[in-house]
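So this block is data_27.csv, CSV, C-alpha atoms:
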chain,number,residue,atom,x,y,z
A,191,MET,CA,57.2,54.1,-61.3
A,192,ALA,CA,57.5,51.3,-63.8
A,193,THR,CA,55.0,51.2,-66.6
A,194,ILE,CA,54.3,48.0,-68.5
A,195,LYS,CA,52.2,48.5,-71.7
A,196,LYS,CA,50.5,45.6,-73.4
A,197,LEU,CA,50.8,45.3,-77.2
A,198,LEU,CA,48.5,42.9,-78.9
A,199,PHE,CA,49.8,41.5,-82.2
A,200,LEU,CA,46.7,40.2,-84.0
A,201,VAL,CA,47.5,38.1,-87.0
A,202,ASP,CA,44.8,37.2,-89.5
A,203,LYS,CA,46.8,36.6,-92.7
A,204,PRO,CA,48.1,33.2,-93.7
A,205,PRO,CA,51.8,32.5,-94.0
A,206,TYR,CA,54.4,32.9,-96.8
A,207,LYS,CA,52.3,34.8,-99.4
A,208,SER,CA,52.9,38.1,-97.6
A,209,GLU,CA,55.3,39.3,-95.0
A,210,ASN,CA,52.5,40.1,-92.5
A,211,SER,CA,52.7,37.1,-90.1
A,212,ARG,CA,56.5,37.0,-90.3
A,213,LEU,CA,56.8,40.6,-89.4
A,214,ALA,CA,54.2,40.2,-86.6
A,215,LEU,CA,56.4,37.5,-85.0
A,216,THR,CA,59.8,39.3,-85.6
A,217,HIS,CA,58.4,42.5,-84.1
A,218,ALA,CA,56.8,40.7,-81.2
A,219,ILE,CA,60.1,38.9,-80.5
A,220,ALA,CA,61.9,42.3,-80.7
A,221,SER,CA,60.2,43.1,-77.4
A,222,GLN,CA,63.1,41.2,-75.8
A,223,THR,CA,65.3,44.2,-76.5
A,224,VAL,CA,62.9,47.1,-76.3
A,225,GLU,CA,64.1,48.2,-72.9
A,226,ILE,CA,67.2,49.9,-74.5
A,227,HIS,CA,64.8,52.5,-75.8
A,228,LEU,CA,62.7,53.0,-72.7
A,229,GLU,CA,63.1,54.5,-69.2
A,230,ASP,CA,64.3,52.3,-66.4
A,231,GLU,CA,61.9,49.5,-65.5
A,232,ASP,CA,59.4,50.4,-68.2
A,233,ASN,CA,58.6,47.6,-70.6
A,234,VAL,CA,56.3,46.2,-73.2
A,235,GLU,CA,54.3,43.0,-72.8
A,236,PRO,CA,53.6,41.5,-76.2
A,237,VAL,CA,50.7,39.1,-76.8
A,238,LEU,CA,50.4,37.2,-80.1
A,239,ALA,CA,46.9,36.1,-81.2
A,240,PHE,CA,46.2,34.2,-84.4
A,241,VAL,CA,42.7,34.6,-85.8
A,242,GLY,CA,40.9,33.9,-89.1
A,243,ASP,CA,43.2,32.6,-91.8
A,244,GLY,CA,46.0,33.6,-89.5
A,245,VAL,CA,45.7,30.3,-87.6
A,246,LEU,CA,47.2,28.6,-90.7
A,247,ASN,CA,50.5,30.0,-89.5
A,248,CYS,CA,50.3,27.6,-86.6
A,249,ILE,CA,50.2,24.2,-88.4
A,250,LYS,CA,53.0,21.9,-87.4
A,251,GLY,CA,55.6,20.4,-89.7
A,252,GLN,CA,56.4,23.4,-91.9
A,253,LYS,CA,59.3,22.9,-94.3
A,254,ALA,CA,59.8,26.4,-95.5
A,255,LEU,CA,63.6,26.3,-94.8
A,256,ASP,CA,63.9,23.3,-97.2
A,257,ALA,CA,61.4,24.5,-99.8
A,258,TYR,CA,62.0,28.3,-99.8
A,259,GLY,CA,65.3,28.7,-98.0
A,260,ILE,CA,63.7,30.9,-95.3
A,261,THR,CA,62.9,30.4,-91.7
A,262,SER,CA,59.5,28.8,-91.2
A,263,LEU,CA,56.7,30.5,-89.3
A,264,GLU,CA,56.7,27.4,-87.1
A,265,ALA,CA,60.3,28.2,-86.0
A,266,HIS,CA,59.3,31.8,-85.2
A,267,ILE,CA,56.3,30.7,-83.2
A,268,LYS,CA,58.5,28.3,-81.3
A,269,ASN,CA,61.0,31.1,-80.6
A,270,ALA,CA,58.1,33.2,-79.3
A,271,LEU,CA,57.2,30.4,-76.9
A,272,LEU,CA,60.8,29.9,-76.0
A,273,LEU,CA,61.0,33.5,-75.0
A,274,ASP,CA,57.8,33.1,-72.9
A,275,LEU,CA,55.5,35.2,-75.1
A,276,LYS,CA,51.8,34.6,-74.7
A,277,VAL,CA,50.6,32.9,-77.9
A,278,ILE,CA,46.9,32.4,-78.6
A,279,PHE,CA,45.2,30.5,-81.4
A,280,CYS,CA,41.5,31.2,-81.9
A,281,LYS,CA,39.5,28.0,-81.2
A,282,GLU,CA,36.6,28.7,-83.6
A,283,ASP,CA,39.0,29.3,-86.4
A,284,LEU,CA,41.0,26.2,-85.7
A,285,ASP,CA,37.7,24.3,-85.6
A,286,LYS,CA,36.6,25.8,-88.9
A,287,PHE,CA,39.7,24.4,-90.6
A,288,GLY,CA,39.5,21.1,-88.9
A,289,LEU,CA,42.6,21.8,-86.9
A,290,THR,CA,43.2,20.5,-83.3
A,291,GLU,CA,46.0,20.8,-80.8
A,292,ASP,CA,47.5,17.7,-82.4
A,293,ASN,CA,48.0,19.6,-85.7
A,294,VAL,CA,49.3,23.0,-84.4
A,295,ILE,CA,52.4,24.2,-82.6
A,296,MET,CA,51.5,24.0,-78.9
A,297,ASP,CA,55.0,24.1,-77.4
A,298,ALA,CA,58.7,24.6,-78.0
A,299,GLU,CA,59.8,21.7,-75.9
A,300,ASP,CA,62.3,20.5,-78.6
A,301,ILE,CA,64.2,23.8,-78.2
A,302,GLY,CA,64.0,24.0,-74.5
A,303,GLY,CA,60.9,26.1,-74.0
A,304,ASP,CA,58.4,25.8,-71.2
A,305,MET,CA,55.6,28.0,-72.4
A,306,ILE,CA,52.5,26.4,-73.9
A,307,ALA,CA,50.3,28.0,-76.6
A,308,ASN,CA,46.7,28.7,-75.7
A,309,ILE,CA,43.6,27.7,-77.7
A,310,LEU,CA,40.9,30.2,-76.7
A,311,PRO,CA,37.5,31.3,-78.0
A,312,PHE,CA,37.3,34.6,-79.9
A,313,ALA,CA,35.6,36.2,-76.9
A,314,ASP,CA,38.8,35.8,-74.9
A,315,ILE,CA,40.8,37.3,-77.8
A,316,LEU,CA,38.4,40.2,-77.7
A,317,GLY,CA,39.3,40.4,-74.0
A,318,GLU,CA,42.9,40.7,-74.9
A,319,MET,CA,42.0,43.5,-77.3
A,320,GLU,CA,40.3,45.3,-74.4
A,321,ALA,CA,43.2,44.8,-72.1
A,322,ALA,CA,45.8,45.9,-74.7
A,323,ASP,CA,47.1,49.5,-74.7
A,324,HIS,CA,47.5,49.2,-78.5
A,325,ILE,CA,46.6,46.7,-81.2
A,326,LEU,CA,48.9,45.9,-84.1
A,327,HIS,CA,46.8,44.1,-86.7
A,328,PHE,CA,48.9,42.1,-89.3
B,108,MET,CA,48.5,67.7,-77.8
B,109,GLY,CA,49.2,64.0,-78.3
B,110,LYS,CA,51.6,61.7,-79.9
B,111,LEU,CA,50.7,59.4,-82.8
B,112,ALA,CA,52.7,56.4,-83.9
B,113,ILE,CA,52.0,55.1,-87.5
B,114,GLY,CA,53.6,51.8,-88.5
B,115,CYS,CA,53.4,51.3,-92.2
B,116,PHE,CA,54.3,48.0,-93.8
B,117,SER,CA,52.8,48.6,-97.3
B,118,SER,CA,54.5,49.4,-100.6
B,119,LEU,CA,55.7,52.9,-101.5
B,120,VAL,CA,54.1,52.5,-104.9
B,121,GLY,CA,50.7,51.0,-105.5
B,122,SER,CA,49.2,50.6,-102.1
B,123,MET,CA,48.4,54.3,-101.4
B,124,SER,CA,48.8,53.4,-97.7
B,125,LEU,CA,52.0,55.4,-97.3
B,126,ASP,CA,50.3,58.3,-99.0
B,127,PHE,CA,47.6,58.0,-96.4
B,128,ALA,CA,50.2,57.9,-93.6
B,129,ILE,CA,52.0,61.0,-94.8
B,130,LYS,CA,48.8,63.0,-95.4
B,131,LEU,CA,47.5,62.0,-91.9
B,132,SER,CA,50.9,63.0,-90.4
B,133,GLU,CA,50.7,66.4,-92.1
B,134,ALA,CA,47.3,67.1,-90.7
B,135,ALA,CA,48.3,65.9,-87.2
B,136,ILE,CA,51.4,68.0,-87.2
B,137,LYS,CA,49.4,71.1,-88.3
B,138,LYS,CA,47.2,70.6,-85.2
B,139,GLY,CA,50.3,70.4,-83.0
B,140,HIS,CA,50.5,66.7,-82.5
B,141,GLN,CA,53.8,64.7,-82.6
B,142,VAL,CA,54.0,62.0,-85.2
B,143,ASP,CA,56.5,59.1,-85.3
B,144,ILE,CA,56.4,56.9,-88.5
B,145,TRP,CA,57.9,53.4,-88.6
B,146,LEU,CA,58.5,51.9,-92.0
B,147,SER,CA,58.8,48.2,-92.3
B,148,GLY,CA,58.7,45.6,-95.0
B,149,ASN,CA,58.2,47.2,-98.5
B,150,ALA,CA,57.5,50.6,-96.9
B,151,THR,CA,61.2,51.0,-96.1
B,152,MET,CA,61.6,52.2,-99.7
B,153,LEU,CA,60.1,55.6,-98.8
B,154,SER,CA,63.4,56.4,-97.1
B,155,LYS,CA,65.7,55.4,-100.0
B,156,LYS,CA,67.7,57.9,-102.0
B,157,GLY,CA,67.3,58.3,-105.7
B,158,GLN,CA,63.6,58.2,-106.1
B,159,ARG,CA,62.5,59.7,-109.5
B,160,LYS,CA,59.2,61.5,-109.7
B,161,PHE,CA,56.7,60.3,-112.3
B,162,GLN,CA,53.0,61.3,-112.3
B,163,ASP,CA,52.0,57.6,-112.5
B,164,TYR,CA,53.6,56.7,-109.2
B,165,SER,CA,53.2,57.9,-105.7
B,166,SER,CA,56.0,60.4,-104.9
B,167,LEU,CA,56.3,61.2,-101.3
B,168,GLU,CA,59.9,62.2,-100.9
B,169,ALA,CA,59.5,66.0,-101.1
B,170,LYS,CA,56.4,66.1,-98.8
B,171,THR,CA,58.0,63.8,-96.3
B,172,LYS,CA,61.2,65.9,-96.1
B,173,ASP,CA,59.2,69.0,-95.6
B,174,LEU,CA,57.3,67.3,-92.7
B,175,ILE,CA,60.6,66.1,-91.2
B,176,SER,CA,61.7,69.8,-91.1
B,177,GLN,CA,58.5,70.5,-89.2
B,178,GLY,CA,59.2,67.7,-86.6
B,179,LEU,CA,58.0,64.5,-88.2
B,180,ASN,CA,60.1,61.5,-87.2
B,181,VAL,CA,60.5,58.8,-89.8
B,182,THR,CA,62.4,55.6,-89.1
B,183,ALA,CA,63.0,52.6,-91.4
B,184,CYS,CA,63.5,49.0,-90.3
B,185,GLU,CA,67.2,48.3,-90.8
B,186,ALA,CA,66.8,44.5,-91.5
B,187,CYS,CA,63.9,45.1,-94.0
B,188,ALA,CA,66.0,47.7,-95.8
B,189,GLU,CA,69.2,45.6,-95.9
B,190,SER,CA,67.2,42.6,-97.3
B,191,ARG,CA,66.1,44.8,-100.2
B,192,GLY,CA,69.7,45.8,-101.0
B,193,TYR,CA,69.2,49.3,-99.6
B,194,HIS,CA,72.1,50.2,-97.3
B,195,LYS,CA,72.8,52.9,-94.7
B,196,GLU,CA,74.5,55.1,-97.2
B,197,ASP,CA,71.4,55.0,-99.4
B,198,THR,CA,69.2,56.6,-96.7
B,199,LEU,CA,67.7,60.0,-97.4
B,200,GLU,CA,68.9,62.8,-95.1
B,201,GLY,CA,66.7,63.3,-92.1
B,202,PHE,CA,65.4,59.7,-92.1
B,203,ASN,CA,66.5,57.1,-89.4
B,204,ARG,CA,67.2,53.4,-89.6
B,205,LYS,CA,66.8,51.3,-86.5
B,206,SER,CA,66.0,47.7,-85.3
B,207,MET,CA,62.5,46.5,-84.8
B,208,ASP,CA,62.5,47.1,-81.0
B,209,TYR,CA,62.4,50.8,-81.8
B,210,TYR,CA,58.8,50.5,-83.1
B,211,LEU,CA,57.6,48.8,-80.0
B,212,ALA,CA,59.1,51.7,-77.9
B,213,SER,CA,57.4,54.2,-80.2
B,214,CYS,CA,54.1,52.4,-79.6
B,215,PHE,CA,54.8,52.5,-75.8
B,216,ASN,CA,55.4,56.2,-75.9
B,217,SER,CA,52.4,57.1,-78.1
B,218,ASP,CA,48.8,58.0,-77.2
B,219,ARG,CA,47.5,56.5,-80.4
B,220,VAL,CA,48.9,53.8,-82.7
B,221,ILE,CA,47.8,53.1,-86.3
B,222,HIS,CA,49.4,50.0,-87.6
B,223,ILE,CA,49.0,49.6,-91.3
B,224,GLY,CA,49.9,46.1,-92.4
B,225,GLY,CA,51.4,45.1,-95.7
B,226,GLU,CA,49.5,44.0,-98.7
C,125,MET,CA,36.7,49.8,-75.4
C,126,LYS,CA,36.7,52.8,-77.8
C,127,LEU,CA,37.9,51.0,-80.9
C,128,GLY,CA,38.3,52.6,-84.4
C,129,VAL,CA,38.5,50.1,-87.3
C,130,PHE,CA,39.9,51.4,-90.5
C,131,VAL,CA,38.4,49.5,-93.5
C,132,ASN,CA,40.6,49.9,-96.6
C,133,GLN,CA,39.2,47.1,-98.8
C,134,TYR,CA,35.9,46.5,-100.5
C,135,THR,CA,35.4,42.9,-99.3
C,136,LYS,CA,32.0,41.6,-98.4
C,137,THR,CA,33.0,40.0,-95.1
C,138,ASN,CA,35.8,40.2,-92.6
C,139,SER,CA,35.7,37.6,-89.9
C,140,THR,CA,37.5,39.8,-87.5
C,141,LEU,CA,35.3,42.8,-87.9
C,142,ASP,CA,32.2,40.6,-87.9
C,143,ARG,CA,33.1,39.3,-84.4
C,144,ILE,CA,34.2,42.5,-82.7
C,145,LYS,CA,31.7,43.5,-80.1
C,146,THR,CA,32.3,46.8,-78.2
C,147,ASP,CA,30.1,49.6,-77.0
C,148,ASN,CA,32.1,52.3,-78.8
C,149,LEU,CA,32.9,51.1,-82.3
C,150,GLY,CA,33.9,53.4,-85.1
C,151,ILE,CA,34.4,52.2,-88.6
C,152,ILE,CA,36.5,54.5,-90.7
C,153,LEU,CA,36.2,53.9,-94.5
C,154,VAL,CA,39.4,54.7,-96.4
C,155,GLN,CA,40.8,53.8,-99.8
C,156,ASN,CA,38.6,51.1,-101.4
C,157,GLY,CA,36.7,50.9,-98.2
C,158,VAL,CA,34.7,54.0,-99.2
C,159,TYR,CA,32.7,51.9,-101.7
C,160,HIS,CA,30.9,50.5,-98.7
C,161,ALA,CA,29.4,53.9,-98.2
C,162,ALA,CA,28.4,54.5,-101.8
C,163,LEU,CA,27.5,51.2,-103.6
C,164,LYS,CA,24.2,49.4,-103.3
C,165,GLU,CA,25.0,46.0,-104.9
C,166,ASN,CA,21.7,44.6,-106.2
C,167,GLY,CA,19.9,47.4,-104.4
C,168,LYS,CA,21.3,46.4,-101.0
C,169,ASP,CA,23.4,48.5,-98.6
C,170,SER,CA,26.8,47.1,-97.5
C,171,ASP,CA,26.5,45.0,-94.3
C,172,ILE,CA,29.0,47.4,-92.7
C,173,LEU,CA,26.4,50.1,-92.6
C,174,SER,CA,24.1,47.9,-90.4
C,175,LYS,CA,26.7,47.5,-87.7
C,176,ALA,CA,26.2,49.2,-84.4
C,177,ALA,CA,29.0,51.7,-85.1
C,178,LYS,CA,29.6,55.2,-86.1
C,179,VAL,CA,30.8,55.2,-89.7
C,180,TYR,CA,33.1,57.7,-91.3
C,181,ALA,CA,34.5,58.0,-94.8
C,182,LEU,CA,37.6,59.9,-95.9
C,183,SER,CA,36.5,62.6,-98.4
C,184,GLU,CA,39.7,62.5,-100.5
C,185,ASP,CA,39.2,58.7,-101.1
C,186,VAL,CA,35.6,59.3,-102.0
C,187,ILE,CA,36.1,62.0,-104.6
C,188,SER,CA,39.2,60.4,-106.1
C,189,ARG,CA,37.0,57.4,-107.0
C,190,GLY,CA,34.4,59.5,-108.9
C,191,LEU,CA,32.0,59.3,-106.0
C,192,SER,CA,30.1,62.2,-104.5
C,193,PRO,CA,30.3,62.9,-100.7
C,194,ASP,CA,26.7,64.2,-100.9
C,195,LYS,CA,25.4,60.9,-102.2
C,196,LEU,CA,26.8,58.6,-99.6
C,197,ASP,CA,24.6,56.8,-97.2
C,198,LYS,CA,23.1,59.2,-94.6
C,199,LYS,CA,24.6,57.1,-91.8
C,200,VAL,CA,28.1,58.0,-93.0
C,201,THR,CA,30.0,61.1,-91.7
C,202,VAL,CA,32.4,62.4,-94.3
C,203,VAL,CA,35.7,63.7,-92.9
C,204,ASP,CA,38.8,65.2,-94.4
C,205,TYR,CA,42.3,64.5,-93.0
C,206,ASN,CA,41.9,67.3,-90.4
C,207,GLY,CA,38.6,65.8,-89.2
C,208,LEU,CA,40.2,62.4,-89.1
C,209,VAL,CA,42.9,63.6,-86.8
C,210,ASP,CA,40.2,64.8,-84.4
C,211,VAL,CA,38.4,61.5,-84.7
C,212,ILE,CA,41.6,59.6,-83.8
C,213,PHE,CA,42.5,61.7,-80.8
C,214,ASN,CA,39.1,62.6,-79.4
C,215,ASP,CA,36.8,59.7,-80.2
C,216,TYR,CA,38.7,56.4,-80.0
C,217,GLU,CA,41.7,55.0,-78.1
C,218,LYS,CA,42.8,51.9,-80.1
C,219,PHE,CA,42.8,51.2,-83.8
C,220,ILE,CA,42.8,48.3,-86.2
C,221,TRP,CA,43.6,48.6,-89.9
C,222,LEU,CA,41.7,45.9,-91.8

What does this structure look like when you write it as structure tokens?
Amino acid sequence: MATIKKLLFLVDKPPYKSENSRLALTHAIASQTVEIHLEDEDNVEPVLAFVGDGVLNCIKGQKALDAYGITSLEAHIKNALLLDLKVIFCKEDLDKFGLTEDNVIMDAEDIGGDMIANILPFADILGEMEAADHILHF
Amino acid sequence: MGKLAIGCFSSLVGSMSLDFAIKLSEAAIKKGHQVDIWLSGNATMLSKKGQRKFQDYSSLEAKTKDLISQGLNVTACEACAESRGYHKEDTLEGFNRKSMDYYLASCFNSDRVIHIGGE
Amino acid sequence: MKLGVFVNQYTKTNSTLDRIKTDNLGIILVQNGVYHAALKENGKDSDILSKAAKVYALSEDVISRGLSPDKLDKKVTVVDYNGLVDVIFNDYEKFIWL
């Protein structure tokens, strides 16, 4: 019987000063190829949730490729949406920083993605923690 | 007995988090549990050849090799290693190098996961 | 949810930990986190000790910092690595390292 296990990637570090949020995204995106290591039909369902200072990864218009010569966290978040990963930004934390859905990466339409990011209260993220089989906190 | 996955993303020297991961692994293996360690980011350096032991720096090579001989599995993130100029031929005997999807599979197959982020 | 939270820093607040609500919460003080069990800044206990949680401290990290396991707050259970393995497998199902 197929088993699907949910892994919650919980990100509370801001971008660029450490590798944490980048590695959260690259590992979550690696779920696309995890099947090669698993039994037939088993799989992993990743969920990415940005909380605390981690919501600063989600600001639109990042120019890291121009400034640092490295892929922006914005590009990685868009790739996650393009691959239909569930992406959540904590509402209270966006509010705290004065960010709204106009300022953050809500979709990946420009690269052909259909998935929309979710702005949810922390209580719902706690629900994701309860639903997850394991939590990876970056 | 259970299976424990430990993902460690912290530095070999300075953070003490890899020291924690190895000591926890040792205790778990002694109790009969299986342990699978994933090294990513700066933690990949644990699996690199040529480490010199000084008393002022964490030195985990000998202990880790001993635990590998007792069944510990240690795998380093290939991309993280390559980006640090550390190539396949530099990997210590008994350590593995794989792509990131391996860690997710390790989490899938484990009863408990302790993910230790980077600094 | 049986959640074990490793606290490895001595920071006064953590917005994630402050907002976690679950019936079975364990806080495991490791590395610099053990100061929460030992220090009383301006005579006050760390806020972590007032949380509705079972609190553990790793003995090796306590003694390495010149602290005495006997003098930690009475709420704190001191464990060694062997004890910690049992806590991990017997008492909690998921973990966060803060």

Using all atoms listed in the file: which of C:Lys136, C:Lys218, C:Lys175, C:Lys195 has the shortest distance to Ala112 in chain B: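 The shortest atom-to-atom distance to Ala112 in chain B comes from C:Lys218.
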
Distance query Thr216 in chain A at most 12 Å, all atoms listed in the file, self and fewer than 3 positions along chain excluded, as number ranges by chain: A: 199, 209-213, 219-223, 236, 238, 261-263, 265-270, 328; B: 147-148, 184, 186-187, 206-208, 210-211

Pairwise distance for CA of Trp221 in chain C and CA of Phe215 in chain B, rounded to one decimal in Å: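 According to the coordinates, CA of Trp221 in chain C and CA of Phe215 in chain B are separated by 18.4 Å.
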
Near-range 151-164 of chain B list (10 Å; all atoms listed in the file; drop same-chain fewer than 6 positions) as a PyMOL selection string: chain B and resi 115-121+123+125+145+171-172+181-189+191+193-204

Nearest-residue call for chain B, choices C:Ala161, C:Leu196, C:Leu182, C:Leu149, using only C-alpha atoms: C:Leu182
